[in-house]
Every structure is written in C-alpha cells, then in structure tokens.
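Engineer: See coords.txt below, with compact mmCIF, C-alpha atoms.
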# COMPACT_ATOMS: atom_id res chain seq x y z
CA MET H 1 -9.26 129.55 -18.99
CA ASP H 2 -11.21 126.57 -20.34
CA ILE H 3 -14.54 128.11 -21.58
CA GLN H 4 -16.55 124.86 -21.40
CA THR H 5 -15.51 123.82 -17.87
CA GLY H 6 -14.78 127.23 -16.43
CA GLN H 7 -11.50 125.96 -14.95
CA VAL H 8 -8.04 127.41 -15.32
CA THR H 9 -5.90 125.19 -17.55
CA HIS H 10 -2.43 124.69 -16.12
CA GLN H 11 0.29 125.56 -18.58
CA PRO H 12 3.75 124.13 -17.86
CA SER H 13 6.20 126.78 -16.76
CA PRO H 14 9.47 127.28 -18.67
CA ARG H 15 11.28 125.63 -15.76
CA GLU H 16 9.04 122.54 -15.93
CA SER H 17 9.49 122.37 -19.70
CA LEU H 18 13.25 122.55 -19.29
CA GLU H 19 13.16 119.82 -16.64
CA SER H 20 11.30 117.51 -19.02
CA GLN H 21 13.95 118.10 -21.68
CA LEU H 22 16.75 117.33 -19.19
CA SER H 23 15.23 114.04 -17.99
CA CYS H 24 16.81 110.64 -18.68
CA PRO H 25 14.42 108.26 -20.54
CA ILE H 26 15.68 105.33 -18.40
CA CYS H 27 15.53 106.59 -14.79
CA LEU H 28 13.02 109.40 -15.60
CA GLU H 29 15.06 111.72 -13.37
CA MET H 30 17.23 114.69 -14.28
CA PHE H 31 20.41 113.61 -16.04
CA GLN H 32 23.26 112.62 -13.72
CA LYS H 33 26.73 113.41 -15.04
CA PRO H 34 28.43 112.13 -17.05
CA VAL H 35 25.82 112.42 -19.82
CA VAL H 36 26.44 110.49 -23.08
CA ILE H 37 24.94 111.24 -26.48
CA LEU H 38 24.06 108.51 -28.97
CA PRO H 39 24.43 108.82 -32.76
CA CYS H 40 20.62 109.23 -32.89
CA GLN H 41 21.12 112.47 -30.84
CA HIS H 42 19.32 111.13 -27.75
CA ASN H 43 21.01 111.62 -24.36
CA LEU H 44 21.33 109.20 -21.42
CA CYS H 45 22.95 109.10 -18.01
CA ARG H 46 26.08 107.01 -18.52
CA GLY H 47 25.30 105.13 -15.31
CA CYS H 48 21.79 104.27 -16.53
CA ALA H 49 23.14 103.29 -19.96
CA SER H 50 25.76 101.04 -18.30
CA ASP H 51 23.12 99.35 -16.11
CA LEU H 52 20.84 98.79 -19.11
CA TYR H 53 23.68 97.39 -21.23
CA ASP H 54 24.93 95.11 -18.43
CA SER H 55 21.40 93.72 -17.89
CA ARG H 56 21.24 92.71 -21.56
CA ASN H 57 24.85 91.57 -21.76
CA PRO H 58 25.28 89.43 -18.60
CA TYR H 59 28.49 87.77 -19.80
CA HIS H 60 30.24 91.17 -20.27
CA TYR H 61 31.54 90.46 -23.74
CA SER H 62 33.71 93.23 -25.18
CA GLY H 63 31.69 95.48 -27.47
CA GLY H 64 28.19 94.63 -28.60
CA ILE H 65 24.93 96.26 -29.66
CA PHE H 66 23.24 98.95 -27.56
CA ARG H 67 19.67 99.90 -28.44
CA CYS H 68 18.48 103.45 -27.76
CA PRO H 69 15.55 103.26 -25.28
CA THR H 70 13.86 106.23 -26.97
CA CYS H 71 13.96 105.46 -30.71
CA ARG H 72 15.34 101.83 -30.67
CA PHE H 73 18.29 102.91 -32.81
CA GLU H 74 21.05 100.26 -32.58
CA VAL H 75 24.54 101.50 -31.72
CA VAL H 76 27.60 99.27 -32.21
CA LEU H 77 29.83 99.60 -29.12
CA ASP H 78 33.57 99.06 -29.11
CA ARG H 79 35.57 97.21 -26.44
CA HIS H 80 35.04 100.11 -24.00
CA GLY H 81 31.26 99.54 -23.99
CA VAL H 82 29.13 102.54 -22.97
CA TYR H 83 32.28 104.24 -21.65
CA GLY H 84 33.32 104.67 -25.27
CA LEU H 85 30.26 106.84 -26.06
CA GLN H 86 30.79 110.57 -26.50
CA ARG H 87 29.94 112.81 -23.55
CA ASN H 88 27.47 115.66 -24.12
CA LEU H 89 29.28 118.50 -22.35
CA LEU H 90 26.67 121.01 -23.53
CA VAL H 91 23.87 119.21 -21.68
CA GLU H 92 26.09 118.82 -18.60
CA ASN H 93 26.79 122.57 -18.58
CA ILE H 94 23.08 123.35 -18.98
CA ILE H 95 22.31 121.09 -16.01
CA ASP H 96 24.95 122.87 -13.90
CA ILE H 97 23.51 126.28 -14.78
CA TYR H 98 19.97 125.05 -14.18
CA LYS H 99 20.81 123.70 -10.72
CA GLN H 100 22.41 127.01 -9.76
CA GLN H 101 19.19 128.91 -10.51
CA PRO H 102 16.75 129.26 -7.56
CA GLU H 103 13.20 128.00 -8.02
CA SER H 104 10.49 130.66 -8.45
CA GLY H 105 7.50 130.78 -6.13
CA GLY H 106 5.08 132.97 -4.21
CA GLY H 107 3.73 134.80 -7.28
CA GLU H 108 0.29 134.76 -8.85
CA VAL H 109 -0.74 132.13 -11.36
CA GLY H 110 0.62 132.98 -14.79
CA SER H 111 3.16 135.46 -13.44
CA ASN H 112 6.54 135.29 -15.20
CA VAL H 113 8.36 137.29 -12.52
CA ALA H 114 10.44 135.05 -10.26
CA ASP H 115 11.09 135.80 -6.61
CA PRO H 116 14.61 136.94 -5.73
CA PRO H 117 16.96 134.11 -4.74
CA LEU H 118 16.89 133.22 -1.05
CA LYS H 119 19.97 132.17 0.88
CA ASP H 120 19.78 128.69 2.36
CA LYS H 121 19.70 129.21 6.11
CA ASP H 122 20.74 125.60 6.77
CA THR H 123 24.05 126.01 4.91
CA LYS H 124 26.93 126.39 7.39
CA GLU H 125 30.08 127.83 5.91
CA PRO H 126 33.37 126.63 7.46
CA MET H 127 34.86 129.17 9.87
CA CYS H 128 38.53 129.82 10.61
CA THR H 129 39.84 127.98 13.67
CA GLU H 130 42.16 130.88 14.54
CA HIS H 131 39.57 133.64 14.00
CA GLU H 132 36.19 132.21 14.95
CA ASP H 133 34.22 135.08 13.43
CA GLU H 134 35.95 134.88 10.04
CA ARG H 135 34.82 132.67 7.16
CA ILE H 136 37.32 130.61 5.19
CA ASN H 137 37.49 132.61 1.97
CA ILE H 138 41.02 132.25 0.52
CA TYR H 139 43.48 129.44 -0.16
CA CYS H 140 47.10 129.44 0.99
CA VAL H 141 49.11 128.12 -1.96
CA THR H 142 52.29 127.90 0.14
CA CYS H 143 50.75 125.79 2.92
CA GLN H 144 48.21 124.05 0.63
CA THR H 145 45.26 124.74 2.94
CA PRO H 146 42.11 126.93 3.01
CA THR H 147 42.26 129.90 5.39
CA CYS H 148 40.71 133.32 6.10
CA SER H 149 41.67 136.91 5.25
CA MET H 150 42.68 137.69 8.84
CA CYS H 151 45.25 134.88 8.77
CA LYS H 152 46.72 136.44 5.62
CA VAL H 153 46.88 139.94 7.09
CA PHE H 154 47.81 139.25 10.72
CA GLY H 155 48.14 135.50 11.18
CA GLN H 156 50.44 132.64 10.29
CA HIS H 157 49.88 133.00 6.51
CA LYS H 158 50.86 136.68 6.23
CA ASP H 159 54.07 135.82 4.34
CA CYS H 160 52.49 133.10 2.20
CA GLU H 161 51.20 133.17 -1.36
CA VAL H 162 47.41 133.00 -1.49
CA SER H 163 44.84 132.54 -4.24
CA PRO H 164 41.08 132.99 -4.54
CA LEU H 165 39.18 130.03 -3.10
CA GLN H 166 37.06 129.57 -6.23
CA SER H 167 40.13 129.34 -8.47
CA ILE H 168 41.72 126.52 -6.47
CA TYR H 169 38.29 124.89 -6.09
CA ASP H 170 37.81 124.79 -9.88
CA THR H 171 41.32 123.44 -10.45
CA GLN H 172 41.14 120.64 -7.87
CA LYS H 173 37.59 119.72 -8.84
CA ALA H 174 38.74 119.34 -12.46
CA GLU H 175 41.64 117.16 -11.29
CA LEU H 176 39.28 114.99 -9.25
CA ARG H 177 36.91 114.70 -12.21
CA ASN H 178 39.80 113.52 -14.40
CA ALA H 179 40.85 111.05 -11.72
CA VAL H 180 37.30 109.69 -11.56
CA ASP H 181 37.33 109.25 -15.35
CA LEU H 182 40.57 107.29 -15.01
CA LEU H 183 38.93 105.16 -12.34
CA ALA H 184 35.99 104.48 -14.64
CA ALA H 185 38.33 103.46 -17.46
CA GLY H 186 40.28 101.23 -15.08
CA ASN H 187 37.08 99.61 -13.82
CA SER H 188 36.04 98.90 -17.41
CA CYS H 189 39.38 97.21 -18.05
CA VAL H 190 39.07 95.10 -14.89
CA GLN H 191 35.56 94.04 -15.86
CA ALA H 192 36.77 93.03 -19.32
CA VAL H 193 39.62 90.94 -17.85
CA MET H 194 37.26 89.31 -15.36
CA ALA H 195 34.85 88.43 -18.16
CA GLN H 196 37.73 86.92 -20.13
CA MET H 197 38.78 84.87 -17.12
CA GLU H 198 35.25 83.61 -16.62
CA ASP H 199 35.22 82.46 -20.25
CA THR H 200 38.63 80.82 -19.75
CA CYS H 201 37.36 78.95 -16.68
CA LYS H 202 34.43 77.70 -18.71
CA SER H 203 36.76 76.56 -21.51
CA ILE H 204 38.99 74.74 -19.03
CA GLU H 205 36.02 72.93 -17.55
CA GLU H 206 34.70 71.99 -21.00
CA ASN H 207 38.12 70.83 -22.21
CA SER H 208 38.66 68.89 -19.01
CA GLN H 209 35.33 67.12 -19.43
CA LEU H 210 36.22 66.37 -23.06
CA GLN H 211 39.55 64.85 -22.05
CA LYS H 212 37.93 62.78 -19.31
CA ARG H 213 35.38 61.41 -21.78
CA ARG H 214 38.09 60.52 -24.30
CA LEU H 215 40.13 58.91 -21.56
CA GLY H 216 37.13 56.86 -20.42
CA GLU H 217 36.43 55.66 -23.95
CA ASN H 218 40.04 54.57 -24.44
CA PHE H 219 40.24 52.74 -21.13
CA ASP H 220 36.95 50.94 -21.74
CA LEU H 221 38.65 49.19 -24.69
CA LEU H 222 41.39 47.82 -22.46
CA TYR H 223 39.06 46.23 -19.82
CA ALA H 224 40.06 45.38 -16.28
CA ILE H 225 43.85 45.59 -16.64
CA LEU H 226 43.54 49.30 -17.42
CA GLU H 227 41.17 50.24 -14.58
CA GLU H 228 43.90 51.00 -12.05
CA ARG H 229 45.88 53.10 -14.51
CA LYS H 230 42.68 54.82 -15.60
CA GLY H 231 42.11 56.10 -12.07
CA GLN H 232 45.67 57.41 -11.86
CA LEU H 233 45.42 59.37 -15.10
CA LEU H 234 41.99 60.76 -14.21
CA GLU H 235 43.50 62.04 -11.01
CA LYS H 236 46.21 63.88 -12.97
CA ILE H 237 43.63 65.59 -15.18
CA THR H 238 41.63 66.61 -12.14
CA GLN H 239 44.73 68.01 -10.46
CA GLU H 240 45.61 70.02 -13.57
CA GLU H 241 42.06 71.33 -13.76
CA GLU H 242 42.02 72.30 -10.10
CA ARG H 243 45.43 73.95 -10.40
CA LYS H 244 44.40 76.13 -13.34
CA LEU H 245 40.94 76.92 -11.99
CA GLY H 246 42.40 77.69 -8.57
CA LEU H 247 44.89 80.15 -10.11
CA LEU H 248 42.26 81.93 -12.18
CA ARG H 249 39.69 82.04 -9.39
CA SER H 250 42.25 83.53 -7.01
CA LEU H 251 42.94 86.25 -9.61
CA VAL H 252 39.21 86.86 -10.08
CA GLU H 253 38.73 87.12 -6.31
CA ARG H 254 41.61 89.60 -6.04
CA TYR H 255 40.33 91.72 -8.91
CA THR H 256 36.81 91.63 -7.42
CA GLU H 257 38.15 93.14 -4.22
CA GLN H 258 40.16 95.70 -6.20
CA LEU H 259 37.10 96.61 -8.26
CA GLN H 260 34.88 96.98 -5.19
CA ALA H 261 37.44 99.26 -3.52
CA SER H 262 37.67 101.34 -6.69
CA ILE H 263 33.87 101.59 -6.94
CA ASN H 264 33.61 102.71 -3.32
CA LEU H 265 36.31 105.35 -3.91
CA LYS H 266 34.52 106.50 -7.03
CA GLU H 267 31.23 106.89 -5.16
CA LYS H 268 32.96 108.81 -2.37
CA ALA H 269 34.58 111.11 -4.93
CA ALA H 270 31.26 111.64 -6.69
CA GLN H 271 29.60 112.57 -3.39
CA THR H 272 32.43 114.99 -2.65
CA MET H 273 32.06 116.67 -6.06
CA GLU H 274 28.36 117.24 -5.39
CA LYS H 275 29.23 119.50 -2.47
CA GLY H 276 28.65 123.05 -3.65
CA ASN H 277 30.74 124.74 -0.96
CA ALA H 278 34.29 125.25 -2.19
CA ALA H 279 35.94 125.35 1.21
CA GLU H 280 34.21 122.17 2.36
CA PHE H 281 35.24 120.45 -0.84
CA LEU H 282 38.88 121.50 -0.59
CA ILE H 283 39.19 120.15 2.95
CA SER H 284 38.95 116.57 1.64
CA GLY H 285 39.40 117.02 -2.12
CA LYS H 286 43.18 116.82 -2.22
CA GLU H 287 43.28 113.51 -0.35
CA LEU H 288 40.61 112.03 -2.61
CA ILE H 289 42.55 113.12 -5.70
CA ALA H 290 45.66 111.35 -4.45
CA GLN H 291 43.68 108.21 -3.58
CA ALA H 292 41.94 108.17 -6.96
CA LYS H 293 45.19 108.60 -8.88
CA GLU H 294 46.87 105.88 -6.85
CA ALA H 295 43.97 103.50 -7.44
CA ALA H 296 43.98 104.27 -11.17
CA LYS H 297 47.65 103.25 -11.38
CA GLY H 298 46.74 99.68 -10.38
CA SER H 299 45.27 98.88 -13.79
CA ASN H 300 48.20 96.60 -14.77
CA LEU H 301 46.48 93.25 -14.52
CA GLU H 302 48.03 89.81 -14.40
CA ARG H 303 46.56 87.53 -17.04
CA PRO H 304 47.07 83.88 -17.90
CA GLU H 305 49.33 83.09 -20.82
CA PRO H 306 47.75 82.38 -24.23
CA GLY H 307 46.57 78.79 -24.41
CA PHE H 308 46.41 78.50 -20.63
CA GLU H 309 43.02 76.83 -20.93
CA ASN H 310 44.36 74.21 -23.37
CA MET H 311 44.32 70.65 -22.00
CA GLU H 312 45.63 68.92 -25.12
CA HIS H 313 48.84 67.89 -23.35
CA LEU H 314 46.71 65.39 -21.43
CA THR H 315 45.50 63.56 -24.56
CA LEU H 316 45.89 59.78 -24.31
CA CYS H 317 47.73 57.80 -27.03
CA THR H 318 46.37 54.24 -27.42
CA GLU H 319 48.68 52.83 -30.12
CA ASP H 320 50.75 49.80 -29.14
CA VAL H 321 49.61 50.04 -25.53
CA GLU H 322 49.25 46.26 -25.08
CA VAL H 323 52.97 45.77 -24.34
CA ILE H 324 53.47 48.93 -22.26
CA LEU H 325 50.30 49.05 -20.17
CA TYR H 326 52.16 49.93 -16.98
CA GLN H 327 54.34 52.56 -18.67
CA MET H 328 51.42 54.49 -20.09
CA GLY H 329 51.46 58.29 -19.72
CA PHE H 330 50.07 61.42 -21.27
CA GLY H 331 53.15 62.12 -23.35
CA LEU H 332 56.56 63.74 -22.95
CA GLY H 333 57.62 64.74 -19.46
CA ASP H 334 55.78 61.96 -17.56
CA ASP H 335 58.61 59.99 -15.91
CA ASP H 336 56.60 58.46 -13.06
CA ASP H 337 56.64 54.90 -14.42
CA ASP H 338 60.07 54.57 -16.07
CA ASP H 339 60.97 51.74 -13.67
CA VAL H 340 57.88 49.61 -14.41
CA VAL H 341 58.65 46.43 -16.43
CA THR H 342 55.98 44.41 -18.24
CA GLU H 343 55.60 40.63 -17.82
CA GLU H 344 56.65 40.09 -21.44
CA GLU H 345 59.90 42.00 -20.89
CA GLU H 346 60.56 40.01 -17.71
CA GLY H 347 60.07 36.75 -19.67
CA GLU H 348 62.50 37.91 -22.35
CA GLU H 349 65.09 38.75 -19.73
CA GLU H 350 64.72 35.32 -18.09
CA GLU H 351 65.22 33.56 -21.47
CA GLU H 352 68.37 35.56 -22.14
CA GLU H 353 69.78 34.58 -18.73
CA GLU H 354 69.06 30.85 -19.37
CA GLU H 355 70.79 30.98 -22.77
CA GLU H 356 73.87 32.48 -21.19
Render the structure in this file as structure tokens.

Structural biologist:
Amino acid sequence: MDIQTGQVTHQPSPRESLESQLSCPICLEMFQKPVVILPCQHNLCRGCASDLYDSRNPYHYSGGIFRCPTCRFEVVLDRHGVYGLQRNLLVENIIDIYKQQPESGGGEVGSNVADPPLKDKDTKEPMCTEHEDERINIYCVTCQTPTCSMCKVFGQHKDCEVSPLQSIYDTQKAELRNAVDLLAAGNSCVQAVMAQMEDTCKSIEENSQLQKRRLGENFDLLYAILEERKGQLLEKITQEEERKLGLLRSLVERYTEQLQASINLKEKAAQTMEKGNAAEFLISGKELIAQAKEAAKGSNLERPEPGFENMEHLTLCTEDVEVILYQMGFGLGDDDDDDVVTEEEEGEEEEEEEEE
C-alpha cells in the first residue's frame, strides 16, 4: 500500500510481465510466429519485420540494411531479405506454452493461487457420423481419415491400422508448417524476380529514350530529305520497345497472379494451423498440405535473357549517308530497302547505257 495516498499500488502479475516480454516492438502485440532474432538479440515478428523493411525499401532490391526498431542496430541482409534472418524457436515454444495456460482470475488482490482451468463451453468437438454419441479421437492410418473408437472396435475400421490423433496431428501440422516455409521462400523469389523485371523495364525505357534522342540529333543534320526516313526508324524503335515491354509486363502480370494465389493459400494455411482442435485440423490439413506443396513447386520462373534490355542494335550510323539516304538502316539484318536506288546510281546507270 502507498502510505502517503492510502491507495493500493498495482503490481504487475507474472503473467503481465511475461506478456510484456513477449510483445513485438513494431505491432505492440504478442509475437506472431515465425519469430526472428536479430544479431542485437532483439526479437520481431517476421511479418512485422517484412512490412517495415518493404516500407523502407520500396523498389525491393535484393539485400540491404535493416535497422532494429528497438536499439537502431543496423543488420546487413542477404538476397533473402528478412526471410534470411534466424528464427527464435525458443521464443516460439514459450509463446505456445503460454497460450496453452489458462488465465487466472476470481482470487483476491495479491493472491498467487490461480483458479483451476475451465473448459471452454463454446468449443464443439467433431463427432463421428456413424456413432453420433462418440467423439472423433483416433486416426485410421489405412483409410487416412479421423474416426472414433467405436468404428475401430465394431465399425468399418475394425481391421485397419490406427494411431493416436495427437500423433498424426503433430506430424501433419509439421508438414504443413514446412510447406508454408517453402511458400514463403517461393514468394521471396517471385518478389525478387518481379523487382528485377521492373528495373529491366525502366532500363528499356531509358535506353529507348536515349536511342530516340540520338536518332533525332542525327536526322536533324540531314534536314528535310531525312524526315520521312526518320519517322520510319522511330517507328521501329517504338515497336521494339513495345515488344520487349509487352513481354515483360505480361510476365509480371502472370507472376502477380501467382503470388496473390500463393499468399491467399499461405493465409488459409496459417488460419488452419491456428485451430487448436486436432480432429478439426486434420479434416482439411491434408488437402492444404498438398496444395501448398504443389504451389511451392511453381517457383521455376521464366526470365528474360541477359542483355534483353539492351537497345544498342538500334544505333544509327551516319557515315557516308549522303549517297545511301534511302538505304539507311540500323545495321545488319535490315533488308527492307535493298531494292531502293539513289538518284546518283540511276544517273550512273543511264551514262553507262548511253556509252554502250
């Protein structure tokens, strides 16, 4: 008691103290798995760390500097970004144990004795469809489905191999967790490729503008006779730009859809893993595992060849162009104007005919 005010000073309970130690400094909520640990020994939700890093690295460059929000310690990230940080499995296990403990209440102030755990009346355990009064409490390994003890003794699973529900629950939950990790790694790879493609699009646009400017400067030296040809060559550059940009943007659009589908599957899997009831989890867990593994296999990404953004093959050569104005092209491979003959060549041919 506070002697001066006569009021009882509230002392934080051990549970409240533990909650404060298990709180993320970014979202100020209890850590959400996976939890990553920085070299400065501070912990963060990986999701919060990813959001913070993305907000300060909008162009999604591979690697970079991540600053600890608690002590400002700078961490050099590799190409995996925050997904390359080490997970703190100890903190994750402490959170799991903490969430399994019932909250204390109903006692006097200052009492350290917690009330006995109460069963949640709103929790409905799945019941057997064959035996309505029996809970689903075992797993048929032969048929790959949850069932009840009566089905094993008298029902359709009496000749099947069965296993404890918790054992299969732990195994499939671990498989789903690994599949989610693969999804996260695949999403990181897709994001890196998309960032690279965005940079490539920017380079193509910059190189295209550079080539257009050079082309304009060269054609300005040749005056009116070059204006028609100038328009033709500008059109070729524009077509090449649109072709390359169209290809890359179609890939970006496809990978965006793939990434969104993967994120939705990841969120669905995360929600399924939060279900504490083993039987309820196993009803949909196997299908989610298969979907997650299938989605993770699609990480082979199509990328443009090295130098795809290069536009140097469209560089204009201006030497000796006075006599071949109507044969002008970007270089090798442009055979559009092989049949064009200049006035000087026509005059030479006419003189040769007269001499003959």

Engineer: Go ahead and compute the interatomic distance for atom CA of H:Ile204 and atom CA of H:Glu309, in Å to one decimal.

Structural biologist: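 Atom CA of H:Ile204 sits 4.9 Å away from atom CA of H:Glu309.
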
Engineer: Between H:Ala270, H:Leu316, H:Leu183, H:Leu259, which has the minimum distance to H:Lys230 (counting all atoms listed in the file)?

Structural biologist: H:Leu316

Engineer: Determine the nearest neighbour of H:Ile289 from the options H:Lys236, H:Arg214, H:Arg254, H:Lys173, counting all atoms listed in the file.

Structural biologist: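 Of all the options, H:Lys173 lies closest to H:Ile289.
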
Engineer: Please report the interatomic distance between atom CA of H:Gln32 and atom CA of H:Leu165 in Å with one decimal.

Structural biologist: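 Atom-to-atom, atom CA of H:Gln32 to atom CA of H:Leu165, that is 25.9 Å.
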
Engineer: I'd like to know which of H:Leu288, H:Ile168, H:Leu215, H:Ile26 is closest to H:Gln144, using only C-alpha atoms.

Structural biologist: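 Smallest separation from H:Gln144 among the options: H:Ile168.
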
Engineer: For the atom pair atom CA of H:Leu301 and atom CA of H:Lys266, what is the interatomic distance in Å to one decimal place?

Structural biologist: 19.4 Å

Engineer: Can you tell me which residues surround stretch 276-287 of chain H at a distance of at most 12 Å, considering all atoms listed in the file, apart from same-chain residues fewer than 6 positions away, and format the answer as a short mmCIF file (atom, residue, chain, number, x, y, z; two decimals) with C-alpha atoms, in the coordinates of the input?

Structural biologist:
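The resulting file, result.cif, is reproduced below:
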data_model
loop_
_atom_site.label_atom_id
_atom_site.label_comp_id
_atom_site.auth_asym_id
_atom_site.auth_seq_id
_atom_site.Cartn_x
_atom_site.Cartn_y
_atom_site.Cartn_z
CA ASP H 96 24.95 122.87 -13.90
CA LYS H 99 20.81 123.70 -10.72
CA GLN H 100 22.41 127.01 -9.76
CA THR H 123 24.05 126.01 4.91
CA LYS H 124 26.93 126.39 7.39
CA GLU H 125 30.08 127.83 5.91
CA PRO H 126 33.37 126.63 7.46
CA MET H 127 34.86 129.17 9.87
CA CYS H 128 38.53 129.82 10.61
CA ARG H 135 34.82 132.67 7.16
CA ILE H 136 37.32 130.61 5.19
CA ASN H 137 37.49 132.61 1.97
CA ILE H 138 41.02 132.25 0.52
CA TYR H 139 43.48 129.44 -0.16
CA CYS H 140 47.10 129.44 0.99
CA GLN H 144 48.21 124.05 0.63
CA THR H 145 45.26 124.74 2.94
CA PRO H 146 42.11 126.93 3.01
CA THR H 147 42.26 129.90 5.39
CA CYS H 148 40.71 133.32 6.10
CA PRO H 164 41.08 132.99 -4.54
CA LEU H 165 39.18 130.03 -3.10
CA GLN H 166 37.06 129.57 -6.23
CA SER H 167 40.13 129.34 -8.47
CA ILE H 168 41.72 126.52 -6.47
CA TYR H 169 38.29 124.89 -6.09
CA ASP H 170 37.81 124.79 -9.88
CA THR H 171 41.32 123.44 -10.45
CA GLN H 172 41.14 120.64 -7.87
CA LYS H 173 37.59 119.72 -8.84
CA ALA H 174 38.74 119.34 -12.46
CA GLU H 175 41.64 117.16 -11.29
CA LEU H 176 39.28 114.99 -9.25
CA ARG H 177 36.91 114.70 -12.21
CA ALA H 179 40.85 111.05 -11.72
CA LEU H 265 36.31 105.35 -3.91
CA LYS H 268 32.96 108.81 -2.37
CA ALA H 269 34.58 111.11 -4.93
CA ALA H 270 31.26 111.64 -6.69
CA LYS H 293 45.19 108.60 -8.88
CA GLU H 294 46.87 105.88 -6.85
#

Engineer: Got a sec: who's within 10 Å of H:Ala296, counting all atoms listed in the file, leaving out chain neighbours fewer than 2 positions off, as a list in words?

Structural biologist: Ala179, Val180, Asp181, Leu182, Leu183, Ala184, Ala185, Gly186, Asn187, Ser262, Ala290, Gln291, Ala292, Lys293, Glu294, Gly298, Ser299 and Asn300 of chain H

Engineer: Could you check which residues have any atom within 12 Å of (15.1, 102.3, -26.6), counting all atoms listed in the file with coordinates taken straight from the file, and then list them as a list in words?

Structural biologist: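 Nearby residues: Cys24, Pro25, Ile26, Leu38, Cys40, His42, Asn43, Leu44, Ala49, Leu52, Tyr53, Ile65, Phe66, Arg67, Cys68, Pro69, Thr70, Cys71, Arg72, Phe73, Glu74 and Val75 of chain H.
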
Engineer: With C-alpha atoms retained, write the just-selected residues as a PDB file, in the frame of the given file.

Structural biologist:
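Once written, out.pdb looks like this:
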ATOM      1  CA  CYS H  24      16.810 110.640 -18.680  1.00  0.00           C
ATOM      2  CA  PRO H  25      14.420 108.260 -20.540  1.00  0.00           C
ATOM      3  CA  ILE H  26      15.680 105.330 -18.400  1.00  0.00           C
ATOM      4  CA  LEU H  38      24.060 108.510 -28.970  1.00  0.00           C
ATOM      5  CA  CYS H  40      20.620 109.230 -32.890  1.00  0.00           C
ATOM      6  CA  HIS H  42      19.320 111.130 -27.750  1.00  0.00           C
ATOM      7  CA  ASN H  43      21.010 111.620 -24.360  1.00  0.00           C
ATOM      8  CA  LEU H  44      21.330 109.200 -21.420  1.00  0.00           C
ATOM      9  CA  ALA H  49      23.140 103.290 -19.960  1.00  0.00           C
ATOM     10  CA  LEU H  52      20.840  98.790 -19.110  1.00  0.00           C
ATOM     11  CA  TYR H  53      23.680  97.390 -21.230  1.00  0.00           C
ATOM     12  CA  ILE H  65      24.930  96.260 -29.660  1.00  0.00           C
ATOM     13  CA  PHE H  66      23.240  98.950 -27.560  1.00  0.00           C
ATOM     14  CA  ARG H  67      19.670  99.900 -28.440  1.00  0.00           C
ATOM     15  CA  CYS H  68      18.480 103.450 -27.760  1.00  0.00           C
ATOM     16  CA  PRO H  69      15.550 103.260 -25.280  1.00  0.00           C
ATOM     17  CA  THR H  70      13.860 106.230 -26.970  1.00  0.00           C
ATOM     18  CA  CYS H  71      13.960 105.460 -30.710  1.00  0.00           C
ATOM     19  CA  ARG H  72      15.340 101.830 -30.670  1.00  0.00           C
ATOM     20  CA  PHE H  73      18.290 102.910 -32.810  1.00  0.00           C
ATOM     21  CA  GLU H  74      21.050 100.260 -32.580  1.00  0.00           C
ATOM     22  CA  VAL H  75      24.540 101.500 -31.720  1.00  0.00           C
TER      23      VAL H  75
END

Engineer: Produce the centre coordinates and the three edge lengths, each in Å to one decimal, of the box along x, y and z that contains all listed atoms of stretch 213-225 of chain H with 8 Å added on each side, as lines of an AutoDock Vina configuration file.

Structural biologist:
center_x = 39.6
center_y = 53.4
center_z = -20.5
size_x = 24.5
size_y = 32.0
size_z = 24.4

Engineer: Nearest residue to H:Arg15 out of H:Ser203, H:Ile95, H:Gln191, H:His131, using all atoms listed in the file?

Structural biologist: H:Ile95

Engineer: Given the choices H:Arg87, H:Asn178, H:Arg56, H:Gly307, which gets closest to H:Pro39 if the distance is worked out from all atoms listed in the file?

Structural biologist: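 Smallest separation from H:Pro39 among the options: H:Arg87.
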
Engineer: Looking at all atoms listed in the file, which of H:Val76, H:Val190, H:Glu205, H:Ser17 is the one that sits closest to H:Gln260?

Structural biologist: H:Val190
